[in-house]
There are 4 protein chains.
Amino acid sequence: MNTTNKKIEQRQVSIQALLSAARTLFVSQGYQGTNLEQIASNANLSKGAVYFYFKSKETVLIELLKQVEKIVVDDAIAHIESKLRTSPLDQLIAYVHYQTNLGITHLADVLLLVLMSLEFKEKKSATQEFLAQMYQRQCDFMENLIKEGQLSKDFRQDLPAKELASIVLGAHDGTFLAWYKRSDVLDGKDLARSLRMMMIDGLTHQ
Amino acid sequence: MNTTNKKIEQRQVSIQALLSAARTLFVSQGYQGTNLEQIASNANLSKGAVYFYFKSKETVLIELLKQVEKIVVDDAIAHIESKLRTSPLDQLIAYVHYQTNLGITHLADVLLLVLMSLEFKEKKSATQEFLAQMYQRQCDFMENLIKEGQLSKDFRQDLPAKELASIVLGAHDGTFLAWYKRSDVLDGKDLARSLRMMMIDGLTHQ
Amino acid sequence: MNTTNKKIEQRQVSIQALLSAARTLFVSQGYQGTNLEQIASNANLSKGAVYFYFKSKETVLIELLKQVEKIVVDDAIAHIESKLRTSPLDQLIAYVHYQTNLGITHLADVLLLVLMSLEFKEKKSATQEFLAQMYQRQCDFMENLIKEGQLSKDFRQDLPAKELASIVLGAHDGTFLAWYKRSDVLDGKDLARSLRMMMIDGLTHQ
Amino acid sequence: MNTTNKKIEQRQVSIQALLSAARTLFVSQGYQGTNLEQIASNANLSKGAVYFYFKSKETVLIELLKQVEKIVVDDAIAHIESKLRTSPLDQLIAYVHYQTNLGITHLADVLLLVLMSLEFKEKKSATQEFLAQMYQRQCDFMENLIKEGQLSKDFRQDLPAKELASIVLGAHDGTFLAWYKRSDVLDGKDLARSLRMMMIDGLTHQ
DNA sequence: AATGAATGAGCATTCATTCAT
DNA sequence: GATGAATGAATGCTCATTCAT
């Protein structure tokens, strides 16, 4: 391996160390509650290094959110859309499985998304716009899925799709937060299974 | 009205103005994102006045949370317990009605509770302890209610009560957050009704 | 007693309570380290009352210092001058007795003088000027006394009067401060006697 | 000189500039009377720089006091103990010489010690404890020296050692303060000589 | 005679950001 | 590629002072 490659590799190591430190800290302390000194030192680097790799503190967050969007939105949608031939109910089941599974495999990413949405809710900024778009995509996707399910009579028709979609997404977010608050007394598998069944049975109730 | 009464009244006016301003700002910008200058000037007072009435910024929040606890926890539990003779299902219905109704009559209070819980999650402080106790009470209450409903066969028995309780509470919180994020496109009544039915049908599914 | 007299009496009671509280606090915490709230509440009054009786915080101090000047300077000098016919040595003995005695009967006053002199040393203000004049009077008095004693051969002539005067005054001040710092382990009577003898024997050494 | 050395040197320059500015200001205005802005700008730096080098305002003071302890206590004691074979009288003479000399070579340090002792007298803090220990060491050292001198009959035995020690130390402190108050009219050499002789003759008086 | 309410300037401290090296 | 030094704006909080009652 030549010098340039080594450098590029080192670059990636440092960037990943910084992003990883930032994710952990943003989730546990919030964006405002985390300072650059903490991010840098948790990555065994200096504050200056953060500015070598990122334009600002907010850029670090946006970079993280780009990674999260891929996992939580892009891949989720792709995963379901790979099953287009199946019924809306099967698609919903696949979606809910996918999402509850993320709570196990990518908890920090999911929480980061939920928490940053709230922290940047009313703060005009690049981050806010990025998050709003991401949320909109999730809502649209879920609303469409529910609408199809209502047309196919898989799902209940007595409640409007838009509101049902918000509840499905909101219940997921709320459950992740509950899991985060009380992971000491809750069982992750049971929680995931309970959420899935509550959502599916709730939506298919006639 | 005598002089003393006028002063007491003025006191209450100022305190309420400050608390009200603080609630609005804490909900929209977060606790850390709000500074005392904003609270004071939104109440048409100076920063110094805040310290005349409250020991610290955190005391303002705790005072608000005490009010919220009464509305969201004490009154809710009292409301349900006034119906002790009724079936667990009826009690759950009453609870869910009560809570969804709060989203209309006391949205800011409910949101304050949810948001502060997250912001203070890992911050050792009086606030954190206060919030943790409040949340514990809610969880215990809901878990007991669900256990009773499972015993009486009102509710499904295939999922554990503790996790179901977390989902009911989490779904409420998540839905309030969704409502806050997208109140422009959602219909409050529909959302409340959808949440109630999803929860009740989800829990009573056999 | 008529109403007016009662009022005048009440006035004096409040003023004395404030001055007394202020003296104690200024001595133990310094002028800057004491706030008006403490003075007022230690006198069972409100902050506003202080401003009813005094123009400002500094006025409170100046009022106290006027009382102190009478005791520590005026009365001391008068006391010695009542013995004008006696020898300079006897006058010095009388002075030193008087001053060490003040450490027992009026410790707070003496300390207030010493401490405020230091705290206002380089702060241009009415207080500073007042203190400087008081100190000047003490120095002049002592220097003259020593000069006379040197002329009468009561005192040593190998050291200049001005510097000796500063040492006598400084030793007193320093000893009062030492007493204040370590009154738990020192014996007041012994300390006073030791200081008197060190000063007298030191000055009369030939 | 390499880069690292330059940085280390720059570091020391800035730290010393800050400490020096702080010493001057603390002595002339007191600790409370000095704000960080003054310290920083007197060192041609910004307020932030103070916090780059010191944890807090109080840390700046403690750092200064550590330097002072070395000069005023450690070195003084070491200086006398290097003469252990000599008589207590000679040791006292050496001590008094050493201390009066400090008034010329390290006036600011000596004054800082005296003034901060008073300002922190009743303020529970790290500084207070540090100062109390330093003062205790001085008292113990002087008391022992006087006791030995009393045993060897070098010093008077009619007064207790503990109180005599307090007077020697107190007289020094008081004289330094007098010198600071009136250096314009006093002669430093004469003052130092007068203090030395007053102390020695006062202690050896039989 | 005295108080409670309110102000506003001042202060210690934090922190994102810049920059020379 | 990365750091240490330094900045300056922002913030929670204190406190002397004012004033209506």
# chains A, B, ... in the order shown; residues from 1 in each chain; ligands from 1
$ residues_around --residues "region 88-93 of chain C" --least-positions-apart "3" --cutoff "7 Å" --atoms "only C-alpha atoms (C1' of nucleotides)" --output "list in words"
Ile80, Lys83, Val96, His97, Leu145, Glu148, Gly149 and Asp154 of chain C
$ residues_around --residues "region 178-192 of chain B" --least-positions-apart "6" --cutoff "7 Å" --atoms "only C-alpha atoms (C1' of nucleotides)" --output "NGL selection string"
(:A and (163 or 166 or 170)) or (:B and (100))
$ write_last_selection --atoms "all heavy atoms" --output "compact mmCIF listing (two decimals), in the first residue's frame"
# COMPACT_ATOMS: atom_id res chain seq x y z
N GLU A 163 -53.95 10.14 8.81
CA GLU A 163 -53.81 10.10 10.27
C GLU A 163 -53.28 8.74 10.73
O GLU A 163 -52.48 8.66 11.65
CB GLU A 163 -55.15 10.44 10.94
CG GLU A 163 -55.44 11.94 11.00
CD GLU A 163 -55.75 12.56 9.63
OE1 GLU A 163 -56.16 11.81 8.71
OE2 GLU A 163 -55.58 13.78 9.47
N SER A 166 -49.60 8.69 10.30
CA SER A 166 -48.91 9.43 11.37
C SER A 166 -48.85 8.62 12.65
O SER A 166 -47.87 8.68 13.40
CB SER A 166 -49.63 10.75 11.65
OG SER A 166 -49.25 11.71 10.68
N GLY A 170 -45.59 7.53 14.32
CA GLY A 170 -45.46 8.08 15.67
C GLY A 170 -45.33 7.00 16.71
O GLY A 170 -44.52 7.13 17.65
N THR B 100 -56.10 11.70 24.78
CA THR B 100 -56.19 12.32 23.46
C THR B 100 -56.84 13.69 23.58
O THR B 100 -56.50 14.62 22.85
CB THR B 100 -56.99 11.46 22.47
OG1 THR B 100 -58.26 11.13 23.05
CG2 THR B 100 -56.24 10.17 22.14
$ residues_around --residues "DC15 (chain E)" --least-positions-apart "6" --cutoff "9 Å" --atoms "only C-alpha atoms (C1' of nucleotides)" --output "mmCIF file with all heavy atoms, in the first residue's frame"
data_model
loop_
_atom_site.group_PDB
_atom_site.id
_atom_site.type_symbol
_atom_site.label_atom_id
_atom_site.label_comp_id
_atom_site.auth_asym_id
_atom_site.auth_seq_id
_atom_site.Cartn_x
_atom_site.Cartn_y
_atom_site.Cartn_z
ATOM 1 N N ASN A 35 -20.640 19.432 23.091
ATOM 2 C CA ASN A 35 -19.714 20.411 22.510
ATOM 3 C C ASN A 35 -18.615 19.725 21.706
ATOM 4 O O ASN A 35 -18.373 18.528 21.853
ATOM 5 C CB ASN A 35 -19.160 21.356 23.573
ATOM 6 C CG ASN A 35 -18.297 20.646 24.590
ATOM 7 O OD1 ASN A 35 -17.499 19.802 24.249
ATOM 8 N ND2 ASN A 35 -18.464 21.022 25.839
ATOM 9 N N LEU A 36 -17.974 20.507 20.875
ATOM 10 C CA LEU A 36 -16.982 19.939 19.968
ATOM 11 C C LEU A 36 -15.827 19.298 20.699
ATOM 12 O O LEU A 36 -15.228 18.326 20.223
ATOM 13 C CB LEU A 36 -16.480 21.027 19.025
ATOM 14 C CG LEU A 36 -17.400 21.252 17.839
ATOM 15 C CD1 LEU A 36 -16.937 22.421 17.027
ATOM 16 C CD2 LEU A 36 -17.421 19.993 16.990
ATOM 17 N N GLU A 37 -15.489 19.841 21.828
ATOM 18 C CA GLU A 37 -14.409 19.261 22.625
ATOM 19 C C GLU A 37 -14.719 17.807 22.966
ATOM 20 O O GLU A 37 -13.850 16.940 22.870
ATOM 21 C CB GLU A 37 -14.256 20.086 23.910
ATOM 22 C CG GLU A 37 -13.309 19.516 24.937
ATOM 23 C CD GLU A 37 -11.885 19.417 24.405
ATOM 24 O OE1 GLU A 37 -11.491 20.320 23.631
ATOM 25 O OE2 GLU A 37 -11.200 18.432 24.748
#
$ atom_distance --atom1 "CA of Gln32 (chain C)" --atom2 "CA of Thr127 (chain C)"
13.2 Å
$ closest_atom_pairs --of "chain F" --to "chain D" --cutoff "12 Å" --atoms "only C-alpha atoms (C1' of nucleotides)" --output "CSV"
residue,atom,partner,partner_atom,distance
F:DT3,C1',D:Lys7,CA,10.7
F:DG4,C1',D:Lys7,CA,8.0
F:DA5,C1',D:Ala49,CA,8.0
F:DA6,C1',D:Ala49,CA,5.9
F:DT7,C1',D:Ser46,CA,6.7
F:DG8,C1',D:Gly48,CA,8.0
F:DA9,C1',D:Gly48,CA,10.9
$ atom_distance --atom1 "CA of Tyr31 (chain C)" --atom2 "CA of Gln99 (chain C)"
23.8 Å
$ closest_atom_pairs --of "chain E" --to "chain C" --cutoff "12 Å" --atoms "only C-alpha atoms (C1' of nucleotides)" --output "tab-separated table"
residue	atom	partner	partner_atom	distance
E:DA1	C1'	C:Arg11	CA	8.2
E:DA2	C1'	C:Ala49	CA	5.8
E:DT3	C1'	C:Gly48	CA	6.6
E:DG4	C1'	C:Gly48	CA	8.6
E:DA5	C1'	C:Gly48	CA	10.9
$ write_last_selection --atoms "all heavy atoms" --output "mmCIF file, in the first residue's frame"
data_model
loop_
_atom_site.group_PDB
_atom_site.id
_atom_site.type_symbol
_atom_site.label_atom_id
_atom_site.label_comp_id
_atom_site.auth_asym_id
_atom_site.auth_seq_id
_atom_site.Cartn_x
_atom_site.Cartn_y
_atom_site.Cartn_z
ATOM 1 P P DA E 1 -40.656 58.156 59.888
ATOM 2 O OP1 DA E 1 -40.043 58.182 61.211
ATOM 3 O OP2 DA E 1 -39.871 58.563 58.726
ATOM 4 O "O5'" DA E 1 -41.227 56.693 59.619
ATOM 5 C "C5'" DA E 1 -41.644 55.897 60.696
ATOM 6 C "C4'" DA E 1 -41.825 54.502 60.191
ATOM 7 O "O4'" DA E 1 -42.676 54.529 59.010
ATOM 8 C "C3'" DA E 1 -40.527 53.811 59.744
ATOM 9 O "O3'" DA E 1 -40.558 52.481 60.256
ATOM 10 C "C2'" DA E 1 -40.583 53.839 58.226
ATOM 11 C "C1'" DA E 1 -42.077 53.783 57.969
ATOM 12 N N9 DA E 1 -42.477 54.423 56.703
ATOM 13 C C8 DA E 1 -42.007 55.587 56.172
ATOM 14 N N7 DA E 1 -42.571 55.918 55.035
ATOM 15 C C5 DA E 1 -43.479 54.900 54.812
ATOM 16 C C6 DA E 1 -44.397 54.653 53.774
ATOM 17 N N6 DA E 1 -44.560 55.457 52.730
ATOM 18 N N1 DA E 1 -45.162 53.538 53.858
ATOM 19 C C2 DA E 1 -45.005 52.746 54.918
ATOM 20 N N3 DA E 1 -44.181 52.869 55.952
ATOM 21 C C4 DA E 1 -43.438 53.971 55.830
ATOM 22 P P DA E 2 -39.400 51.529 59.956
ATOM 23 O OP1 DA E 2 -39.447 50.472 60.973
ATOM 24 O OP2 DA E 2 -38.181 52.302 59.701
ATOM 25 O "O5'" DA E 2 -39.894 50.879 58.593
ATOM 26 C "C5'" DA E 2 -41.203 50.291 58.567
ATOM 27 C "C4'" DA E 2 -41.449 49.671 57.224
ATOM 28 O "O4'" DA E 2 -41.727 50.703 56.261
ATOM 29 C "C3'" DA E 2 -40.286 48.861 56.648
ATOM 30 O "O3'" DA E 2 -40.657 47.491 56.728
ATOM 31 C "C2'" DA E 2 -40.143 49.358 55.206
ATOM 32 C "C1'" DA E 2 -41.406 50.175 54.991
ATOM 33 N N9 DA E 2 -41.285 51.323 54.115
ATOM 34 C C8 DA E 2 -40.393 52.359 54.197
ATOM 35 N N7 DA E 2 -40.544 53.274 53.259
ATOM 36 C C5 DA E 2 -41.609 52.802 52.502
ATOM 37 C C6 DA E 2 -42.270 53.304 51.360
ATOM 38 N N6 DA E 2 -41.933 54.446 50.763
ATOM 39 N N1 DA E 2 -43.298 52.583 50.880
ATOM 40 C C2 DA E 2 -43.633 51.442 51.475
ATOM 41 N N3 DA E 2 -43.100 50.874 52.546
ATOM 42 C C4 DA E 2 -42.077 51.604 53.017
ATOM 43 P P DT E 3 -39.722 46.409 56.033
ATOM 44 O OP1 DT E 3 -39.844 45.181 56.829
ATOM 45 O OP2 DT E 3 -38.395 46.964 55.710
ATOM 46 O "O5'" DT E 3 -40.538 46.186 54.694
ATOM 47 C "C5'" DT E 3 -41.962 46.061 54.767
ATOM 48 C "C4'" DT E 3 -42.522 45.801 53.391
ATOM 49 O "O4'" DT E 3 -42.559 47.028 52.636
ATOM 50 C "C3'" DT E 3 -41.676 44.821 52.571
ATOM 51 O "O3'" DT E 3 -42.513 43.768 52.135
ATOM 52 C "C2'" DT E 3 -41.140 45.644 51.406
ATOM 53 C "C1'" DT E 3 -42.134 46.788 51.318
ATOM 54 N N1 DT E 3 -41.527 48.057 50.838
ATOM 55 C C2 DT E 3 -42.079 48.700 49.764
ATOM 56 O O2 DT E 3 -43.051 48.295 49.175
ATOM 57 N N3 DT E 3 -41.445 49.866 49.399
ATOM 58 C C4 DT E 3 -40.340 50.428 50.002
ATOM 59 O O4 DT E 3 -39.861 51.470 49.601
ATOM 60 C C5 DT E 3 -39.804 49.701 51.119
ATOM 61 C C7 DT E 3 -38.589 50.211 51.828
ATOM 62 C C6 DT E 3 -40.411 48.559 51.476
ATOM 63 P P DG E 4 -41.852 42.429 51.638
ATOM 64 O OP1 DG E 4 -42.426 41.305 52.397
ATOM 65 O OP2 DG E 4 -40.394 42.615 51.546
ATOM 66 O "O5'" DG E 4 -42.448 42.396 50.162
ATOM 67 C "C5'" DG E 4 -43.762 42.874 49.924
ATOM 68 C "C4'" DG E 4 -43.938 43.097 48.437
ATOM 69 O "O4'" DG E 4 -43.324 44.360 48.058
ATOM 70 C "C3'" DG E 4 -43.285 42.045 47.559
ATOM 71 O "O3'" DG E 4 -44.111 41.874 46.404
ATOM 72 C "C2'" DG E 4 -41.935 42.652 47.191
ATOM 73 C "C1'" DG E 4 -42.290 44.143 47.114
ATOM 74 N N9 DG E 4 -41.199 45.053 47.454
ATOM 75 C C8 DG E 4 -40.208 44.851 48.382
ATOM 76 N N7 DG E 4 -39.377 45.866 48.469
ATOM 77 C C5 DG E 4 -39.855 46.785 47.544
ATOM 78 C C6 DG E 4 -39.370 48.074 47.190
ATOM 79 O O6 DG E 4 -38.405 48.677 47.643
ATOM 80 N N1 DG E 4 -40.151 48.659 46.205
ATOM 81 C C2 DG E 4 -41.260 48.084 45.644
ATOM 82 N N2 DG E 4 -41.886 48.791 44.708
ATOM 83 N N3 DG E 4 -41.719 46.883 45.959
ATOM 84 C C4 DG E 4 -40.976 46.292 46.910
ATOM 85 P P DA E 5 -43.779 40.821 45.331
ATOM 86 O OP1 DA E 5 -45.006 40.033 45.107
ATOM 87 O OP2 DA E 5 -42.515 40.136 45.686
ATOM 88 O "O5'" DA E 5 -43.521 41.722 44.055
ATOM 89 C "C5'" DA E 5 -44.412 42.796 43.768
ATOM 90 C "C4'" DA E 5 -43.840 43.657 42.662
ATOM 91 O "O4'" DA E 5 -42.800 44.514 43.190
ATOM 92 C "C3'" DA E 5 -43.199 42.854 41.527
ATOM 93 O "O3'" DA E 5 -43.694 43.348 40.297
ATOM 94 C "C2'" DA E 5 -41.695 43.091 41.691
ATOM 95 C "C1'" DA E 5 -41.657 44.454 42.367
ATOM 96 N N9 DA E 5 -40.503 44.671 43.237
ATOM 97 C C8 DA E 5 -40.059 43.851 44.242
ATOM 98 N N7 DA E 5 -39.006 44.319 44.882
ATOM 99 C C5 DA E 5 -38.744 45.526 44.255
ATOM 100 C C6 DA E 5 -37.759 46.510 44.467
ATOM 101 N N6 DA E 5 -36.818 46.428 45.405
ATOM 102 N N1 DA E 5 -37.783 47.609 43.677
ATOM 103 C C2 DA E 5 -38.735 47.698 42.732
ATOM 104 N N3 DA E 5 -39.711 46.835 42.445
ATOM 105 C C4 DA E 5 -39.655 45.759 43.252
#
